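Asks: Enclosed is the structure file coords.cif (mmCIF, C-alpha atoms).
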data_upload
loop_
_atom_site.label_atom_id
_atom_site.label_comp_id
_atom_site.auth_asym_id
_atom_site.auth_seq_id
_atom_site.Cartn_x
_atom_site.Cartn_y
_atom_site.Cartn_z
CA LYS S 1 -28.97 24.58 -31.16
CA GLN S 2 -28.40 20.87 -30.66
CA LYS S 3 -26.12 19.67 -27.97
CA GLU S 4 -23.20 17.64 -29.18
CA ILE S 5 -23.11 14.14 -27.70
CA LYS S 6 -19.78 12.62 -26.91
CA PRO S 7 -19.27 8.90 -27.41
CA GLN S 8 -18.63 8.41 -23.67
CA GLU S 9 -22.08 9.75 -22.86
CA ILE S 10 -23.93 7.26 -25.05
CA GLN S 11 -25.45 4.59 -22.91
CA THR S 12 -26.57 1.39 -24.41
CA HIS S 13 -29.91 0.25 -23.25
CA THR S 14 -29.79 -2.97 -25.19
CA LYS S 15 -29.80 -5.91 -22.88
CA MET S 16 -29.21 -9.49 -23.94
CA ALA S 17 -32.36 -11.58 -23.73
CA GLU S 18 -32.26 -14.09 -20.95
CA PRO S 19 -32.13 -17.68 -22.15
CA LEU S 20 -35.42 -19.55 -22.00
CA SER S 21 -35.82 -22.22 -19.40
CA ARG S 22 -36.52 -25.82 -20.41
CA LYS S 23 -40.08 -25.47 -19.19
CA GLN S 24 -40.66 -22.39 -21.32
CA ILE S 25 -39.29 -24.16 -24.37
CA SER S 26 -41.34 -27.24 -23.62
CA ASP S 27 -44.52 -25.20 -23.11
CA PHE S 28 -43.86 -23.37 -26.37
CA LEU S 29 -43.20 -26.52 -28.44
CA HIS S 30 -45.76 -28.84 -26.85
CA PRO S 31 -48.68 -27.86 -29.14
CA TYR S 32 -46.49 -28.35 -32.21
CA PHE S 33 -45.43 -31.85 -31.19
CA GLN S 34 -48.97 -32.73 -30.10
CA VAL S 35 -50.34 -31.78 -33.51
CA ARG S 36 -47.54 -33.72 -35.24
CA TYR S 37 -48.40 -36.78 -33.12
CA TRP S 38 -52.08 -36.50 -34.04
CA GLN S 39 -51.12 -36.13 -37.69
CA LYS S 40 -48.95 -39.27 -37.52
CA CYS S 41 -51.73 -41.24 -35.82
CA SER S 42 -54.29 -40.05 -38.33
CA GLU S 43 -52.12 -40.99 -41.27
CA ALA S 44 -51.28 -44.41 -39.83
CA ASN S 45 -54.93 -45.18 -39.09
CA PHE S 46 -55.87 -44.09 -42.62
CA TYR S 47 -53.47 -46.64 -44.11
CA LEU S 48 -54.50 -49.31 -41.61
CA SER S 49 -58.10 -48.86 -42.68
CA PHE S 50 -57.13 -50.24 -46.10
CA PHE S 51 -56.09 -53.49 -44.44
CA CYS S 52 -59.49 -53.62 -42.74
CA PHE S 53 -61.24 -53.00 -46.07
CA GLY S 54 -59.09 -55.75 -47.58
CA PHE S 55 -60.14 -58.13 -44.82
CA PHE S 56 -63.77 -57.25 -45.48
CA ALA S 57 -63.28 -57.92 -49.21
CA VAL S 58 -61.64 -61.29 -48.50
CA SER S 59 -64.50 -62.19 -46.16
CA ALA S 60 -67.01 -61.25 -48.88
CA VAL S 61 -65.19 -63.41 -51.45
CA CYS S 62 -65.11 -66.34 -49.01
CA LEU S 63 -68.81 -65.91 -48.31
CA ILE S 64 -69.67 -65.86 -52.01
CA ILE S 65 -67.61 -68.97 -52.74
CA LEU S 66 -69.04 -70.79 -49.73
CA SER S 67 -72.61 -69.85 -50.65
CA HIS S 68 -72.22 -71.35 -54.14
CA GLY S 69 -70.86 -74.57 -52.69
CA GLY S 70 -70.48 -77.68 -54.78
CA GLU S 71 -68.12 -77.60 -57.72
CA ILE S 72 -66.79 -74.06 -57.23
CA PHE S 73 -65.99 -74.68 -53.58
CA ASP S 74 -64.29 -78.02 -54.32
CA GLU S 75 -62.19 -76.42 -57.05
CA HIS S 76 -61.00 -73.50 -54.89
CA GLU S 77 -61.12 -75.01 -51.39
CA HIS S 78 -57.38 -74.85 -50.64
CA LYS S 79 -57.02 -71.33 -52.05
CA LEU S 80 -60.06 -70.26 -50.05
CA HIS S 81 -58.55 -71.56 -46.82
CA LEU S 82 -55.21 -69.91 -47.50
CA LEU S 83 -56.91 -66.63 -48.29
CA GLU S 84 -59.00 -66.81 -45.14
CA PHE S 85 -56.13 -67.74 -42.81
CA TRP S 86 -53.66 -65.17 -44.11
CA ALA S 87 -56.28 -62.42 -44.20
CA THR S 88 -57.02 -63.12 -40.54
CA PHE S 89 -53.32 -62.86 -39.72
CA VAL S 90 -52.94 -59.54 -41.57
CA PHE S 91 -56.07 -58.25 -39.85
CA SER S 92 -54.57 -59.19 -36.46
CA LEU S 93 -51.45 -57.18 -37.31
CA ALA S 94 -53.54 -54.20 -38.43
CA GLN S 95 -55.61 -54.42 -35.26
CA SER S 96 -52.56 -54.33 -33.01
CA ALA S 97 -51.00 -51.50 -35.02
CA SER S 98 -54.20 -49.45 -34.77
CA LEU S 99 -54.07 -49.81 -30.99
CA ASN S 100 -50.50 -48.56 -31.10
CA TYR S 101 -51.57 -45.45 -33.05
CA SER S 102 -54.53 -44.65 -30.84
CA LEU S 103 -54.93 -41.01 -29.84
CA ILE S 104 -55.56 -42.01 -26.25
CA PRO S 105 -52.62 -43.79 -24.63
CA ILE S 106 -53.56 -47.43 -24.18
CA SER S 107 -52.05 -47.52 -20.70
CA LYS S 108 -54.73 -45.06 -19.55
CA VAL S 109 -57.57 -47.27 -20.78
CA TYR S 110 -56.39 -50.85 -20.31
CA ASN S 111 -53.96 -52.76 -18.20
CA LYS S 112 -50.89 -52.81 -20.44
CA ASN S 113 -49.77 -56.34 -19.56
CA VAL S 114 -53.19 -57.85 -20.14
CA LEU S 115 -53.56 -56.02 -23.46
CA PHE S 116 -50.13 -57.14 -24.69
CA THR S 117 -50.90 -60.71 -23.68
CA ILE S 118 -54.17 -60.65 -25.62
CA LEU S 119 -52.52 -59.09 -28.67
CA PHE S 120 -49.66 -61.59 -28.55
CA ALA S 121 -52.11 -64.50 -28.33
CA ASN S 122 -54.21 -63.03 -31.16
CA ILE S 123 -51.29 -62.55 -33.55
CA THR S 124 -49.58 -65.83 -32.64
CA SER S 125 -52.70 -67.96 -32.95
CA SER S 126 -53.64 -66.45 -36.31
CA LEU S 127 -50.08 -67.00 -37.59
CA VAL S 128 -50.02 -70.61 -36.35
CA ALA S 129 -53.37 -71.29 -38.04
CA ALA S 130 -52.16 -69.70 -41.29
CA LEU S 131 -48.89 -71.64 -41.27
CA LEU S 132 -50.63 -74.94 -40.48
CA GLY S 133 -53.12 -74.31 -43.26
CA THR S 134 -50.36 -73.42 -45.70
CA VAL S 135 -47.97 -76.24 -44.89
CA GLY S 136 -50.36 -79.01 -43.91
CA GLY S 137 -53.26 -78.46 -46.26
CA GLU S 138 -56.02 -80.99 -45.54
CA GLU S 139 -54.00 -82.77 -42.87
CA PHE S 140 -54.14 -79.78 -40.48
CA GLU S 141 -57.32 -78.19 -41.80
CA ILE S 142 -59.50 -79.00 -38.80
CA ILE S 143 -57.01 -77.91 -36.16
CA SER S 144 -56.22 -74.75 -38.15
CA HIS S 145 -59.89 -73.81 -38.16
CA GLU S 146 -60.23 -74.59 -34.46
CA ILE S 147 -57.25 -72.36 -33.62
CA GLU S 148 -58.68 -69.61 -35.79
CA TYR S 149 -62.13 -69.88 -34.18
CA VAL S 150 -60.63 -69.74 -30.68
CA ASN S 151 -58.82 -66.59 -31.77
#
As structure tokens, what does this structure read like?
Replies:
Amino acid sequence: KQKEIKPQEIQTHTKMAEPLSRKQISDFLHPYFQVRYWQKCSEANFYLSFFCFGFFAVSAVCLIILSHGGEIFDEHEHKLHLLEFWATFVFSLAQSASLNYSLIPISKVYNKNVLFTILFANITSSLVAALLGTVGGEEFEIISHEIEYVN
């Protein structure tokens, strides 16, 4: 015969779970956020690679036009210079962005201030050369090329 249990005799053994500490939450979520960061970097570098391929294509076109010389070069000289200058500027932007999306933090590899100074000089000089080539044409052609070569 079963013993009848009164409601007062029922003990609840359910205990509320203790809240997780910040460290436990952080340790639990860290792999998720690390994988998301790698995914973001991978995607950004994938798209940045198209800018690099574009720069390669522009360089190939410039090489072909320069190798033919003569009439073709004279006909397309200004367009060629504009294409070359602006492609260099876009490549400088892609280069700095790819450093930003590096999997290894840049501060662990390079001195941050030196790197930012080099990137700033790279982007600024390529922009100055492109603007001088666009606005000045033949008047600033030599100095534009010198700025670009120093870059």
Asks: Expand the PyMOL selection byres ((chain S and resi 73-88) around 12) into the individual residues it matches in the shown file, reporting them as a PyMOL selection string.
Replies: chain S and resi 51-72+89-95+122-142+144-149+151
Asks: Just the selected residues (C-alpha atoms), exported as a compact mmCIF listing (two decimals), keeping the file's coordinate frame, please.
Replies:
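Result file follows (selection-v8.txt):
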# COMPACT_ATOMS: atom_id res chain seq x y z
CA PHE S 51 -56.09 -53.49 -44.44
CA CYS S 52 -59.49 -53.62 -42.74
CA PHE S 53 -61.24 -53.00 -46.07
CA GLY S 54 -59.09 -55.75 -47.58
CA PHE S 55 -60.14 -58.13 -44.82
CA PHE S 56 -63.77 -57.25 -45.48
CA ALA S 57 -63.28 -57.92 -49.21
CA VAL S 58 -61.64 -61.29 -48.50
CA SER S 59 -64.50 -62.19 -46.16
CA ALA S 60 -67.01 -61.25 -48.88
CA VAL S 61 -65.19 -63.41 -51.45
CA CYS S 62 -65.11 -66.34 -49.01
CA LEU S 63 -68.81 -65.91 -48.31
CA ILE S 64 -69.67 -65.86 -52.01
CA ILE S 65 -67.61 -68.97 -52.74
CA LEU S 66 -69.04 -70.79 -49.73
CA SER S 67 -72.61 -69.85 -50.65
CA HIS S 68 -72.22 -71.35 -54.14
CA GLY S 69 -70.86 -74.57 -52.69
CA GLY S 70 -70.48 -77.68 -54.78
CA GLU S 71 -68.12 -77.60 -57.72
CA ILE S 72 -66.79 -74.06 -57.23
CA PHE S 89 -53.32 -62.86 -39.72
CA VAL S 90 -52.94 -59.54 -41.57
CA PHE S 91 -56.07 -58.25 -39.85
CA SER S 92 -54.57 -59.19 -36.46
CA LEU S 93 -51.45 -57.18 -37.31
CA ALA S 94 -53.54 -54.20 -38.43
CA GLN S 95 -55.61 -54.42 -35.26
CA ASN S 122 -54.21 -63.03 -31.16
CA ILE S 123 -51.29 -62.55 -33.55
CA THR S 124 -49.58 -65.83 -32.64
CA SER S 125 -52.70 -67.96 -32.95
CA SER S 126 -53.64 -66.45 -36.31
CA LEU S 127 -50.08 -67.00 -37.59
CA VAL S 128 -50.02 -70.61 -36.35
CA ALA S 129 -53.37 -71.29 -38.04
CA ALA S 130 -52.16 -69.70 -41.29
CA LEU S 131 -48.89 -71.64 -41.27
CA LEU S 132 -50.63 -74.94 -40.48
CA GLY S 133 -53.12 -74.31 -43.26
CA THR S 134 -50.36 -73.42 -45.70
CA VAL S 135 -47.97 -76.24 -44.89
CA GLY S 136 -50.36 -79.01 -43.91
CA GLY S 137 -53.26 -78.46 -46.26
CA GLU S 138 -56.02 -80.99 -45.54
CA GLU S 139 -54.00 -82.77 -42.87
CA PHE S 140 -54.14 -79.78 -40.48
CA GLU S 141 -57.32 -78.19 -41.80
CA ILE S 142 -59.50 -79.00 -38.80
CA SER S 144 -56.22 -74.75 -38.15
CA HIS S 145 -59.89 -73.81 -38.16
CA GLU S 146 -60.23 -74.59 -34.46
CA ILE S 147 -57.25 -72.36 -33.62
CA GLU S 148 -58.68 -69.61 -35.79
CA TYR S 149 -62.13 -69.88 -34.18
CA ASN S 151 -58.82 -66.59 -31.77
Asks: How many Å separate CA of Phe50 (chain S) from CA of Leu119 (chain S)?
Replies: 20.1 Å
Asks: So that I can see what lies close to Asn45 (chain S), please list as a PyMOL selection string the residues with an atom at most 7 Å from it, counting only C-alpha atoms and leaving out residues fewer than 3 positions away in the same chain.
Replies: chain S and resi 41-42+48-49+98+101
Asks: Calculate how many Å separate CA of Pro31 (chain S) from CA of Pro105 (chain S), rounding to one decimal.
Replies: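 Rounded to one decimal, the two atoms are 17.0 Å apart.
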Asks: Grab the CA of Tyr110 (chain S) to CA of Leu29 (chain S) distance for me, in Å with one decimal place.
Replies: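 Computing the Euclidean distance for CA of Tyr110 (chain S) and CA of Leu29 (chain S) yields 28.8 Å.
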Asks: Select, from S:Asn111, S:Ala97, S:Leu103, S:Thr117, the residue with the minimum atom-to-atom distance to Val35 (chain S), counting all atoms listed in the file.
Replies: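 The answer is S:Leu103, which sits nearest to Val35 (chain S).
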